[in-house]
$ cat final.csv   # CSV, C-alpha atoms
chain,number,residue,atom,x,y,z
A,28,MET,CA,18.9,-0.6,-5.6
A,29,PRO,CA,18.9,-0.3,-1.8
A,30,HIS,CA,19.2,3.5,-1.8
A,31,HIS,CA,16.1,3.9,-4.1
A,32,ALA,CA,14.2,1.4,-1.9
A,33,ASP,CA,15.1,3.2,1.3
A,34,ALA,CA,14.2,6.6,-0.1
A,35,ARG,CA,10.9,5.3,-1.3
A,36,SER,CA,10.1,3.7,2.1
A,37,ARG,CA,10.9,7.0,3.8
A,38,GLY,CA,8.6,8.9,1.4
A,39,ILE,CA,5.7,6.5,2.1
A,40,ARG,CA,6.3,6.7,5.8
A,41,ARG,CA,6.4,10.6,5.8
A,42,THR,CA,3.3,10.9,3.7
A,43,THR,CA,1.4,8.5,5.9
A,44,LEU,CA,2.5,10.2,9.1
A,45,ILE,CA,1.0,13.4,7.8
A,46,ALA,CA,-2.2,11.6,7.1
A,47,VAL,CA,-2.2,10.2,10.6
A,48,ALA,CA,-1.7,13.6,12.2
A,49,THR,CA,-4.4,15.2,10.1
A,50,ASN,CA,-7.0,12.4,10.8
A,51,ALA,CA,-6.3,12.5,14.5
A,52,PHE,CA,-6.8,16.2,14.7
A,53,LEU,CA,-10.0,16.2,12.7
A,54,ALA,CA,-11.5,13.2,14.6
A,55,ILE,CA,-11.0,14.9,17.9
A,56,ALA,CA,-12.4,18.2,16.6
A,57,GLN,CA,-15.4,16.5,15.0
A,58,VAL,CA,-16.3,14.7,18.3
A,59,ALA,CA,-16.0,18.0,20.3
A,60,ILE,CA,-18.0,20.1,17.8
A,61,GLY,CA,-20.5,17.4,17.1
A,62,LEU,CA,-21.4,17.0,20.8
A,63,PHE,CA,-21.5,20.8,21.3
A,64,ALA,CA,-23.6,21.4,18.2
A,65,ASN,CA,-25.9,18.4,18.6
A,66,ALA,CA,-24.6,17.2,15.2
A,67,PHE,CA,-24.5,13.4,15.6
A,68,SER,CA,-23.6,13.1,11.9
A,69,LEU,CA,-20.3,14.8,12.8
A,70,VAL,CA,-19.7,12.2,15.6
A,71,ALA,CA,-20.4,9.4,13.1
A,72,ASP,CA,-18.0,11.0,10.6
A,73,ALA,CA,-15.4,11.1,13.4
A,74,ALA,CA,-15.8,7.4,13.9
A,75,HIS,CA,-15.2,7.0,10.2
A,76,THR,CA,-12.1,9.1,10.5
A,77,PHE,CA,-10.8,7.0,13.5
A,78,SER,CA,-11.1,4.0,11.2
A,79,ASP,CA,-8.8,5.7,8.8
A,80,LEU,CA,-6.2,5.9,11.5
A,81,VAL,CA,-6.2,2.1,11.6
A,82,THR,CA,-5.7,1.9,7.9
A,83,ASP,CA,-2.9,4.5,8.0
A,84,LEU,CA,-1.1,2.3,10.6
A,85,LEU,CA,-1.4,-0.6,8.2
A,86,VAL,CA,0.1,1.5,5.4
A,87,LEU,CA,3.0,2.5,7.7
A,88,ILE,CA,3.7,-1.2,8.6
A,89,ALA,CA,3.3,-2.4,5.0
A,90,GLY,CA,5.5,0.4,3.6
A,91,LYS,CA,8.3,-0.4,6.0
A,92,ARG,CA,8.1,-4.2,5.6
A,93,GLY,CA,7.7,-3.9,1.8
A,94,ALA,CA,11.0,-2.2,1.5
A,95,ASP,CA,12.8,-5.0,3.4
A,96,PRO,CA,15.5,-6.6,1.3
A,97,ALA,CA,15.2,-10.2,0.0
A,98,ASP,CA,15.9,-13.0,2.4
A,99,LYS,CA,15.9,-16.8,2.5
A,100,ASN,CA,12.1,-17.1,2.7
A,101,HIS,CA,11.4,-14.1,0.4
A,102,PRO,CA,14.0,-14.3,-2.4
A,103,TYR,CA,12.1,-11.7,-4.5
A,104,GLY,CA,11.8,-9.2,-1.7
A,105,HIS,CA,8.7,-8.1,0.3
A,106,GLY,CA,6.9,-5.9,-2.3
A,107,ARG,CA,3.8,-8.1,-2.3
A,108,ILE,CA,3.1,-6.9,1.3
A,109,GLU,CA,2.2,-3.6,-0.3
A,110,THR,CA,0.0,-5.3,-2.8
A,111,ALA,CA,-1.8,-7.4,-0.2
A,112,THR,CA,-2.4,-4.2,1.9
A,113,SER,CA,-3.8,-2.5,-1.2
A,114,LEU,CA,-6.2,-5.3,-1.6
A,115,VAL,CA,-7.4,-5.0,2.0
A,116,LEU,CA,-7.8,-1.2,1.6
A,117,GLY,CA,-9.7,-1.7,-1.6
A,118,VAL,CA,-12.1,-4.1,0.1
A,119,ALA,CA,-12.5,-1.7,3.0
A,120,LEU,CA,-13.2,1.1,0.6
A,121,GLY,CA,-15.9,-1.0,-1.0
A,122,GLY,CA,-17.4,-1.7,2.4
A,123,VAL,CA,-17.5,2.0,3.1
A,124,GLY,CA,-19.3,2.6,-0.1
A,125,ILE,CA,-21.9,-0.1,0.7
A,126,GLY,CA,-22.2,1.4,4.2
A,127,PHE,CA,-23.1,4.8,2.7
A,128,LEU,CA,-25.7,3.2,0.4
A,129,LEU,CA,-27.4,1.4,3.3
A,130,SER,CA,-27.2,4.5,5.6
A,131,SER,CA,-28.7,6.8,2.9
A,132,GLY,CA,-31.6,4.3,2.5
A,133,LEU,CA,-32.3,4.3,6.2
A,134,ARG,CA,-32.2,8.1,6.4
A,135,LEU,CA,-34.6,8.4,3.5
A,136,GLN,CA,-37.1,6.3,5.5
A,137,HIS,CA,-36.7,8.5,8.7
A,138,MET,CA,-36.7,12.0,7.4
A,139,ASP,CA,-38.5,13.4,10.4
A,140,ASN,CA,-35.9,12.3,13.0
A,141,GLN,CA,-33.4,15.2,12.4
A,142,PRO,CA,-32.1,17.1,15.5
A,143,ASP,CA,-31.8,20.9,15.7
A,144,LEU,CA,-28.3,21.9,14.7
A,145,HIS,CA,-25.9,24.7,15.6
A,146,PRO,CA,-24.2,26.5,12.7
A,147,ALA,CA,-20.8,25.6,14.1
A,148,ALA,CA,-21.5,22.1,12.9
A,149,LEU,CA,-21.6,23.3,9.3
A,150,ALA,CA,-18.3,25.2,9.7
A,151,MET,CA,-16.6,22.1,11.1
A,152,ALA,CA,-18.0,19.9,8.3
A,153,LEU,CA,-16.7,22.4,5.7
A,154,LEU,CA,-13.3,22.5,7.4
A,155,THR,CA,-13.2,18.7,7.4
A,156,LEU,CA,-14.1,18.6,3.8
A,157,LEU,CA,-11.4,21.0,2.8
A,158,SER,CA,-8.8,19.2,4.9
A,159,LYS,CA,-9.7,15.8,3.5
A,160,GLU,CA,-9.6,17.0,-0.1
A,161,VAL,CA,-6.1,18.6,0.4
A,162,LEU,CA,-4.9,15.4,2.1
A,163,PHE,CA,-6.3,13.3,-0.9
A,164,ARG,CA,-4.4,15.4,-3.5
A,165,TYR,CA,-1.2,15.4,-1.5
A,166,THR,CA,-1.3,11.6,-0.9
A,167,LEU,CA,-2.2,10.9,-4.6
A,168,ALA,CA,0.7,13.0,-5.8
A,169,ALA,CA,3.0,11.2,-3.5
A,170,SER,CA,1.8,7.8,-4.7
A,171,ARG,CA,2.5,8.7,-8.3
A,172,ARG,CA,5.9,10.2,-7.5
A,173,LEU,CA,6.9,7.1,-5.5
A,174,LYS,CA,5.0,4.7,-7.7
A,175,ALA,CA,3.3,3.3,-4.7
A,176,PRO,CA,-0.2,1.7,-5.3
A,177,LEU,CA,-0.5,1.4,-1.6
A,178,LEU,CA,-0.5,5.2,-1.2
A,179,GLU,CA,-2.9,5.5,-4.0
A,180,ALA,CA,-5.3,3.2,-2.2
A,181,ASN,CA,-4.9,5.3,0.9
A,182,ALA,CA,-5.4,8.5,-1.1
A,183,TRP,CA,-8.7,7.3,-2.4
A,184,HIS,CA,-9.6,6.3,1.1
A,185,ALA,CA,-9.0,10.0,2.1
A,186,ARG,CA,-11.3,11.0,-0.9
A,187,SER,CA,-14.0,8.7,0.5
A,188,ASP,CA,-13.6,10.7,3.8
A,189,ALA,CA,-13.9,13.9,1.9
A,190,ALA,CA,-17.0,12.5,0.2
A,191,SER,CA,-18.5,11.6,3.6
A,192,SER,CA,-17.7,15.0,4.9
A,193,LEU,CA,-19.4,16.5,1.8
A,194,VAL,CA,-22.4,14.4,2.7
A,195,VAL,CA,-22.3,15.6,6.3
A,196,ALA,CA,-21.9,19.2,5.1
A,197,ALA,CA,-24.8,18.9,2.6
A,198,GLY,CA,-27.0,17.3,5.2
A,199,ILE,CA,-26.2,19.9,7.9
A,200,GLY,CA,-26.6,22.7,5.3
A,201,GLY,CA,-29.8,21.2,4.0
A,202,SER,CA,-31.2,20.8,7.5
A,203,LEU,CA,-30.3,24.4,8.4
A,204,ALA,CA,-32.0,25.5,5.1
A,205,GLY,CA,-35.0,23.3,5.5
A,206,TYR,CA,-34.1,20.6,3.0
A,207,PRO,CA,-33.1,17.6,5.0
A,208,PHE,CA,-33.5,15.1,2.0
A,209,LEU,CA,-30.3,16.4,0.4
A,210,GLU,CA,-28.1,14.5,2.9
A,211,PRO,CA,-29.3,10.9,2.1
A,212,LEU,CA,-29.5,11.7,-1.6
A,213,GLY,CA,-25.9,12.9,-1.7
A,214,ALA,CA,-24.8,9.9,0.4
A,215,ALA,CA,-26.3,7.5,-2.2
A,216,VAL,CA,-24.4,9.2,-5.1
A,217,VAL,CA,-21.1,9.2,-3.1
A,218,GLY,CA,-21.7,5.6,-2.0
A,219,PHE,CA,-21.7,4.4,-5.6
A,220,LEU,CA,-18.5,6.4,-6.3
A,221,ILE,CA,-16.7,5.0,-3.3
A,222,LEU,CA,-17.8,1.4,-4.0
A,223,SER,CA,-16.6,1.6,-7.6
A,224,MET,CA,-13.2,3.0,-6.5
A,225,GLY,CA,-12.9,0.2,-3.9
A,226,LEU,CA,-13.7,-2.5,-6.5
A,227,ARG,CA,-11.1,-1.0,-8.9
A,228,LEU,CA,-8.3,-1.0,-6.4
A,229,ALA,CA,-9.1,-4.4,-5.1
A,230,TRP,CA,-9.3,-5.8,-8.7
A,231,GLU,CA,-5.9,-4.3,-9.6
A,232,ALA,CA,-4.3,-5.7,-6.5
A,233,MET,CA,-5.8,-9.1,-7.2
A,234,ARG,CA,-4.4,-9.0,-10.7
A,235,GLU,CA,-0.9,-8.4,-9.4
A,236,LEU,CA,-1.2,-11.1,-6.8
A,237,VAL,CA,-2.0,-13.7,-9.5
A,238,ASP,CA,1.0,-12.5,-11.6
A,239,THR,CA,-0.9,-10.8,-14.4
A,240,GLY,CA,1.6,-9.7,-17.2
A,241,LEU,CA,2.4,-6.1,-18.1
A,242,PRO,CA,0.3,-4.3,-20.8
A,243,GLU,CA,1.3,-5.3,-24.3
A,244,GLU,CA,2.9,-1.9,-25.1
A,245,GLU,CA,5.2,-2.3,-22.1
A,246,VAL,CA,6.1,-5.8,-23.1
A,247,ALA,CA,6.8,-4.6,-26.7
A,248,ARG,CA,9.3,-2.1,-25.3
A,249,LEU,CA,11.1,-4.8,-23.3
A,250,ARG,CA,11.1,-7.1,-26.3
A,251,ARG,CA,12.7,-4.3,-28.5
A,252,THR,CA,15.4,-3.7,-25.9
A,253,ILE,CA,16.3,-7.4,-25.8
A,254,GLN,CA,16.3,-7.8,-29.6
A,255,GLU,CA,18.6,-4.8,-30.1
A,256,THR,CA,21.3,-6.3,-27.8
A,257,PRO,CA,24.3,-7.3,-29.9
A,258,GLY,CA,24.6,-11.1,-30.2
A,259,VAL,CA,20.8,-11.8,-29.8
A,260,VAL,CA,19.4,-13.5,-32.9
A,261,GLY,CA,15.9,-14.4,-31.5
A,262,LEU,CA,13.6,-14.0,-28.6
A,263,HIS,CA,10.7,-16.1,-27.3
A,264,ASP,CA,8.8,-16.9,-24.1
A,265,LEU,CA,9.1,-13.4,-22.7
A,266,ARG,CA,7.1,-13.3,-19.4
A,267,THR,CA,6.5,-10.4,-17.1
A,268,ARG,CA,4.8,-9.7,-13.8
A,269,ARG,CA,4.7,-6.8,-11.3
A,270,MET,CA,5.6,-6.6,-7.7
A,271,ALA,CA,4.4,-3.3,-6.1
A,272,ASP,CA,6.3,-0.7,-8.1
A,273,ARG,CA,8.9,-3.1,-9.6
A,274,ILE,CA,8.8,-5.4,-12.6
A,275,LEU,CA,10.1,-9.0,-12.8
A,276,CYS,CA,10.7,-10.6,-16.2
A,277,ASP,CA,12.3,-13.7,-17.8
A,278,ALA,CA,13.1,-14.4,-21.4
A,279,HIS,CA,14.5,-17.1,-23.6
A,280,VAL,CA,17.2,-15.5,-25.8
A,281,GLN,CA,18.4,-17.2,-28.9
A,282,VAL,CA,22.1,-16.9,-29.9
A,283,ASP,CA,24.4,-18.4,-32.6
A,284,PRO,CA,24.2,-22.2,-31.8
A,285,ARG,CA,28.0,-22.6,-32.1
A,286,LEU,CA,29.0,-19.9,-29.6
A,287,THR,CA,31.0,-21.0,-26.5
A,288,VAL,CA,29.3,-21.2,-23.2
A,289,SER,CA,31.3,-18.2,-22.0
A,290,GLU,CA,30.3,-16.0,-24.9
A,291,GLY,CA,26.7,-17.0,-24.6
A,292,HIS,CA,26.9,-16.1,-20.9
A,293,ARG,CA,28.4,-12.7,-21.8
A,294,ILE,CA,25.4,-12.0,-24.1
A,295,SER,CA,23.1,-13.0,-21.3
A,296,ASP,CA,24.8,-10.5,-19.0
A,297,SER,CA,24.5,-7.8,-21.7
A,298,VAL,CA,20.8,-8.4,-22.0
A,299,TYR,CA,20.4,-8.2,-18.2
A,300,PHE,CA,22.3,-5.0,-17.8
A,301,ARG,CA,20.7,-3.4,-20.8
A,302,LEU,CA,17.2,-4.1,-19.5
A,303,ARG,CA,18.1,-2.7,-16.1
A,304,ALA,CA,19.6,0.4,-17.7
A,305,VAL,CA,16.8,1.2,-20.2
A,306,HIS,CA,13.9,0.1,-17.9
A,307,PRO,CA,14.7,1.3,-14.3
A,308,ASP,CA,11.4,-0.3,-13.0
A,309,ILE,CA,12.9,-3.8,-13.6
A,310,GLN,CA,13.9,-5.3,-10.3
A,311,ASP,CA,15.2,-8.6,-11.7
A,312,ALA,CA,15.5,-10.3,-15.1
A,313,LEU,CA,16.2,-14.0,-15.7
A,314,VAL,CA,17.8,-14.5,-19.2
A,315,HIS,CA,17.8,-18.1,-20.5
A,316,ILE,CA,20.2,-18.6,-23.4
A,317,ASP,CA,19.0,-20.9,-26.2
A,318,ALA,CA,20.8,-22.3,-29.3
A,319,GLU,CA,17.5,-22.6,-31.1
A,320,ARG,CA,13.8,-22.1,-30.5
A,321,ASP,CA,13.1,-24.7,-27.9
A,322,ASP,CA,9.4,-23.8,-27.8
A,323,GLN,CA,9.2,-25.4,-31.3
A,324,ARG,CA,11.2,-28.5,-30.6
A,325,ASP,CA,9.6,-31.9,-31.3
A,326,HIS,CA,9.8,-33.6,-27.9
A,327,SER,CA,8.5,-36.8,-29.3
A,328,ARG,CA,11.8,-37.6,-31.0
A,329,PRO,CA,14.1,-40.2,-29.3
A,330,ALA,CA,16.5,-38.8,-26.7
A,331,LEU,CA,20.0,-37.8,-28.0
A,332,PRO,CA,23.1,-39.5,-26.7
A,333,GLU,CA,24.6,-37.9,-23.6
A,334,ARG,CA,28.1,-36.4,-23.6
A,335,ALA,CA,29.7,-39.3,-21.8
A,336,GLU,CA,28.5,-41.7,-24.5
A,337,ILE,CA,29.8,-39.5,-27.3
A,338,LEU,CA,33.2,-39.0,-25.5
A,339,ALA,CA,33.6,-42.7,-25.2
A,340,GLU,CA,32.9,-43.2,-28.9
A,341,VAL,CA,35.3,-40.5,-30.0
A,342,HIS,CA,38.1,-41.9,-27.8
A,343,ALA,CA,37.4,-45.4,-29.3
A,344,LEU,CA,37.7,-43.9,-32.8
A,345,LEU,CA,41.1,-42.3,-31.9
A,346,ALA,CA,42.4,-45.4,-30.0
A,347,THR,CA,44.6,-46.7,-32.8
A,348,THR,CA,46.1,-43.2,-33.5
A,349,GLU,CA,47.2,-42.9,-29.8
A,350,THR,CA,46.0,-39.3,-30.0
A,351,LEU,CA,44.1,-37.7,-27.2
A,352,PRO,CA,41.8,-34.9,-28.3
A,353,GLU,CA,42.4,-31.5,-26.7
A,354,ARG,CA,38.7,-30.6,-26.8
A,355,ILE,CA,35.4,-32.1,-27.9
A,356,GLN,CA,32.4,-29.8,-28.5
A,357,ILE,CA,28.9,-31.1,-29.0
A,358,HIS,CA,26.2,-29.1,-30.6
A,359,TYR,CA,22.7,-30.4,-29.9
A,360,LEU,CA,20.6,-28.9,-32.7
A,361,GLY,CA,17.1,-30.0,-33.4
A,362,ASP,CA,16.8,-33.7,-33.2
A,363,ARG,CA,20.4,-34.5,-33.9
A,364,ALA,CA,23.9,-33.8,-32.6
A,365,GLU,CA,27.1,-32.5,-34.3
A,366,VAL,CA,30.5,-33.3,-32.9
A,367,GLU,CA,33.7,-31.2,-33.3
A,368,VAL,CA,37.0,-32.7,-32.2
A,369,LEU,CA,40.1,-30.5,-31.8
A,370,LEU,CA,43.3,-32.6,-32.1
A,371,PRO,CA,46.9,-31.7,-31.2
A,372,PRO,CA,49.6,-31.3,-34.0
A,373,GLY,CA,50.6,-34.5,-35.9
A,374,GLY,CA,49.3,-38.0,-35.0
A,375,ALA,CA,45.8,-38.7,-36.2
A,376,CYS,CA,46.2,-37.0,-39.6
A,377,ALA,CA,48.5,-39.8,-40.7
A,378,GLU,CA,45.5,-42.2,-40.5
A,379,GLY,CA,43.0,-39.7,-42.0
A,380,ASP,CA,41.3,-42.2,-44.3
A,381,ALA,CA,41.0,-44.9,-41.8
A,382,LEU,CA,39.7,-42.5,-39.2
A,383,LYS,CA,37.1,-41.2,-41.7
A,384,GLN,CA,35.9,-44.8,-42.4
A,385,ARG,CA,35.6,-45.6,-38.7
A,386,THR,CA,33.7,-42.3,-38.1
A,387,ASP,CA,31.3,-43.0,-41.0
A,388,ALA,CA,30.6,-46.4,-39.6
A,389,TRP,CA,29.7,-44.9,-36.3
A,390,THR,CA,27.4,-42.2,-37.7
A,391,THR,CA,25.7,-44.9,-39.7
A,392,ARG,CA,25.1,-47.0,-36.5
A,393,GLN,CA,24.1,-43.9,-34.6
A,394,PRO,CA,21.7,-41.7,-36.8
A,395,ALA,CA,21.4,-39.2,-34.0
A,396,ILE,CA,24.8,-38.0,-34.9
A,397,ARG,CA,24.5,-35.7,-37.9
A,398,LYS,CA,28.2,-35.3,-38.5
A,399,VAL,CA,31.7,-35.4,-36.9
A,400,SER,CA,34.3,-32.9,-37.7
A,401,TYR,CA,38.0,-33.1,-36.9
A,402,PHE,CA,40.2,-30.0,-36.5
A,403,GLN,CA,44.0,-30.0,-35.8
A,404,ARG,CA,45.8,-27.2,-34.0
A,405,ILE,CA,48.7,-25.9,-36.0
A,406,ALA,CA,49.8,-23.1,-33.6
A,407,PRO,CA,50.2,-22.8,-29.9

$ encode --input "final.csv" --output "structure tokens"
Amino acid sequence: MPHHADARSRGIRRTTLIAVATNAFLAIAQVAIGLFANAFSLVADAAHTFSDLVTDLLVLIAGKRGADPADKNHPYGHGRIETATSLVLGVALGGVGIGFLLSSGLRLQHMDNQPDLHPAALAMALLTLLSKEVLFRYTLAASRRLKAPLLEANAWHARSDAASSLVVAAGIGGSLAGYPFLEPLGAAVVGFLILSMGLRLAWEAMRELVDTGLPEEEVARLRRTIQETPGVVGLHDLRTRRMADRILCDAHVQVDPRLTVSEGHRISDSVYFRLRAVHPDIQDALVHIDAERDDQRDHSRPALPERAEILAEVHALLATTETLPERIQIHYLGDRAEVEVLLPPGGACAEGDALKQRTDAWTTRQPAIRKVSYFQRIAP
């Protein structure tokens, strides 16, 4: 679905560009007001905001590259680029949380080293807090609409900035009101929150990178869709994994063992298109057709004779009749094989008893052949 992928990529790029513009404006304003108001916490928060510009650029690159179509080296597409970037952002978010914890500890040990502040610093901190919170909600909504974990990671990064701005506002307000201990105390609480969010995002990205399957309720819906497809008599070995916002799955579908190859392939196509129609999140589905449950097969049994060997035996059985079979079908079922021979009109039937005796002798010598059936065409 190239159109869907392009629209999603444009949505990610537009949302991230808004974040870049907002962070650039706030960083410049924080530096200017921080220097004017002697609020070095604002300058430090500006440095934090500048770091977000770097992550925003990573999101832009990953969002564009993640929408690239499949190629020779990446036959499943480039969606994992988003996942890897989400992992990096999750780790970065955890680092920010640890940084807040360490910083709050240092501030608690140096409570007397607080500079005199101008009230403009509090106004700037509150403006930054409001802007970051609005940016967080906007980006989070976009991530859910576009089903982009990458944007969700960036949204929570914006929330960490809002938290840091809250800490700065609380610290400045506390300093102006005579309670300087509020800043490091709030920083410790927010640090724990940011660290937990970072660990959660990194853990989810890591689960996707190691091909963790979908939740059982989603797998149950996929299984039900497959089993309700006409022609399907069984299902096993259903496997799933996620790639960014898309799902990849493969399944072994059991059909009537005596269907032709073409009919079995048609059922396979029906399962594929039904999955794609009922579950739009599925990017690709590999459907393997089975005549029986191969996951329960006894692989310790001797190997069955190959088709070439069986064809040679059937032609030898029919040699005295001077009849060439029109078609020979072999059904490998369980630990034995069944052979069906379609004969042209006339010929072999005149020697039916002799043919039966030769066939019985062959199946006695070759116990891997369960039975041989002869059919004669009576109409064109």

$ closest_residue --input "final.csv" --among "A:Leu62, A:Leu156, A:Ala48, A:Met233" --to "Ser113 of chain A" --atoms "only C-alpha atoms"
A:Met233

$ closest_atom_pairs --input "final.csv" --of "segment 254-363 of chain A" --to "segment 377-392 of chain A" --cutoff "12 Å" --atoms "all atoms listed in the file" --output "Markdown table"
| residue | atom | partner | partner_atom | distance |
| --- | --- | --- | --- | --- |
| A:Ile337 | CA | A:Trp389 | CA | 10.5 |
| A:Ala339 | CA | A:Trp389 | CA | 12.0 |
| A:Glu340 | CA | A:Trp389 | CA | 8.2 |
| A:Val341 | CA | A:Thr386 | CA | 8.5 |
| A:His342 | CA | A:Thr386 | CA | 11.2 |
| A:Ala343 | CA | A:Arg385 | CA | 9.6 |
| A:Leu344 | CA | A:Arg385 | CA | 6.5 |
| A:Leu345 | CA | A:Leu382 | CA | 7.4 |
| A:Ala346 | CA | A:Leu382 | CA | 10.0 |
| A:Thr347 | CA | A:Glu378 | CA | 9.0 |
| A:Thr348 | CA | A:Glu378 | CA | 7.1 |
| A:Glu349 | CA | A:Glu378 | CA | 10.9 |
| A:Thr350 | CA | A:Glu378 | CA | 10.9 |
| A:Arg363 | CA | A:Thr390 | CA | 11.1 |

$ atom_distance --input "final.csv" --atom1 "atom CA of Gly198 of chain A" --atom2 "atom CA of Val123 of chain A"
18.1 Å

$ residues_around --input "final.csv" --residues "Leu236 of chain A" --least-positions-apart "6" --cutoff "10 Å" --atoms "all atoms listed in the file" --output "mmCIF file with C-alpha atoms, keeping the file's coordinate frame"
data_model
loop_
_atom_site.group_PDB
_atom_site.id
_atom_site.type_symbol
_atom_site.label_atom_id
_atom_site.label_comp_id
_atom_site.auth_asym_id
_atom_site.auth_seq_id
_atom_site.Cartn_x
_atom_site.Cartn_y
_atom_site.Cartn_z
ATOM 1 C CA ARG A 107 3.800 -8.100 -2.300
ATOM 2 C CA THR A 110 0.000 -5.300 -2.800
ATOM 3 C CA ALA A 111 -1.800 -7.400 -0.200
ATOM 4 C CA LEU A 114 -6.200 -5.300 -1.600
ATOM 5 C CA TRP A 230 -9.300 -5.800 -8.700
ATOM 6 C CA ARG A 268 4.800 -9.700 -13.800
ATOM 7 C CA ARG A 269 4.700 -6.800 -11.300
ATOM 8 C CA MET A 270 5.600 -6.600 -7.700
ATOM 9 C CA ALA A 271 4.400 -3.300 -6.100
#

$ closest_residue --input "final.csv" --among "A:Gly38, A:Gly225, A:Pro176, A:Gly61" --to "Ala119 of chain A" --atoms "all atoms listed in the file"
A:Gly225

$ residues_around --input "final.csv" --residues "Ser297 of chain A" --least-positions-apart "6" --cutoff "12 Å" --atoms "all atoms listed in the file" --output "VMD selection string"
chain A and resid 252 to 259 280 290 to 291 303 to 305 312 to 314 316

$ atom_distance --input "final.csv" --atom1 "atom CA of Ala197 of chain A" --atom2 "atom CA of Ala147 of chain A"
13.9 Å

$ axis_aligned_box --input "final.csv" --around "segment 162-178 of chain A" --padding-each-side "6 Å" --output "lines of an AutoDock Vina configuration file"
center_x = 0.3
center_y = 8.4
center_z = -3.1
size_x = 25.2
size_y = 26.0
size_z = 22.4

$ closest_residue --input "final.csv" --among "A:Thr166, A:Thr42, A:Ser187, A:Gln356" --to "Phe219 of chain A" --atoms "all atoms listed in the file"
A:Ser187

$ closest_residue --input "final.csv" --among "A:Ala175, A:Ile355, A:Val161, A:Ala318" --to "Gly261 of chain A" --atoms "all atoms listed in the file"
A:Ala318

$ residues_near_point --input "final.csv" --point "(7.7, -11.5, -18.7)" --cutoff "6 Å" --atoms "only C-alpha atoms" --output "CSV table (one decimal) with C-alpha atoms, keeping the file's coordinate frame"
chain,number,residue,atom,x,y,z
A,265,LEU,CA,9.1,-13.4,-22.7
A,266,ARG,CA,7.1,-13.3,-19.4
A,267,THR,CA,6.5,-10.4,-17.1
A,268,ARG,CA,4.8,-9.7,-13.8
A,276,CYS,CA,10.7,-10.6,-16.2
A,277,ASP,CA,12.3,-13.7,-17.8

$ closest_residue --input "final.csv" --among "A:Ala232, A:Leu129, A:Tyr165, A:Leu203" --to "Ala215 of chain A" --atoms "only C-alpha atoms"
A:Leu129

$ closest_residue --input "final.csv" --among "A:Leu178, A:Arg248, A:Leu120, A:Arg334" --to "Arg164 of chain A" --atoms "all atoms listed in the file"
A:Leu178

$ atom_distance --input "final.csv" --atom1 "atom CA of Val260 of chain A" --atom2 "atom CA of Tyr401 of chain A"
27.3 Å

$ residues_around --input "final.csv" --residues "Pro394 of chain A" --least-positions-apart "6" --cutoff "12 Å" --atoms "all atoms listed in the file" --output "PDB file with C-alpha atoms, in the coordinates of the input"
ATOM      1  CA  PRO A 329      14.100 -40.200 -29.300  1.00  0.00           C
ATOM      2  CA  ALA A 330      16.500 -38.800 -26.700  1.00  0.00           C
ATOM      3  CA  LEU A 331      20.000 -37.800 -28.000  1.00  0.00           C
ATOM      4  CA  PRO A 332      23.100 -39.500 -26.700  1.00  0.00           C
ATOM      5  CA  ASP A 362      16.800 -33.700 -33.200  1.00  0.00           C
ATOM      6  CA  ARG A 363      20.400 -34.500 -33.900  1.00  0.00           C
ATOM      7  CA  ALA A 364      23.900 -33.800 -32.600  1.00  0.00           C
ATOM      8  CA  GLU A 365      27.100 -32.500 -34.300  1.00  0.00           C
ATOM      9  CA  ASP A 387      31.300 -43.000 -41.000  1.00  0.00           C
ATOM     10  CA  ALA A 388      30.600 -46.400 -39.600  1.00  0.00           C
TER      11      ALA A 388
END

$ residues_around --input "final.csv" --residues "Gly117 of chain A" --least-positions-apart "5" --cutoff "8 Å" --atoms "only C-alpha atoms" --output "list of chain:residue names"
A:Ala180, A:Met224, A:Gly225, A:Leu226, A:Arg227, A:Leu228, A:Ala229

$ build_atoms --input "final.csv" --residues "segment 219-226 of chain A" --atoms "N, CA and C atoms" --output "compact mmCIF listing (two decimals), in the frame of the given file"
# COMPACT_ATOMS: atom_id res chain seq x y z
N PHE A 219 -22.04 5.10 -4.35
CA PHE A 219 -21.70 4.40 -5.60
C PHE A 219 -20.30 4.72 -6.06
N LEU A 220 -19.89 5.98 -5.92
CA LEU A 220 -18.50 6.40 -6.30
C LEU A 220 -17.48 5.65 -5.50
N ILE A 221 -17.65 5.62 -4.20
CA ILE A 221 -16.70 5.00 -3.30
C ILE A 221 -16.63 3.47 -3.59
N LEU A 222 -17.79 2.87 -3.77
CA LEU A 222 -17.80 1.40 -4.00
C LEU A 222 -17.08 1.08 -5.32
N SER A 223 -17.27 1.88 -6.37
CA SER A 223 -16.60 1.60 -7.60
C SER A 223 -15.07 1.77 -7.49
N MET A 224 -14.63 2.77 -6.72
CA MET A 224 -13.20 3.00 -6.50
C MET A 224 -12.61 1.78 -5.72
N GLY A 225 -13.33 1.34 -4.72
CA GLY A 225 -12.90 0.20 -3.90
C GLY A 225 -12.72 -1.05 -4.76
N LEU A 226 -13.71 -1.30 -5.61
CA LEU A 226 -13.70 -2.50 -6.50
C LEU A 226 -12.49 -2.39 -7.45
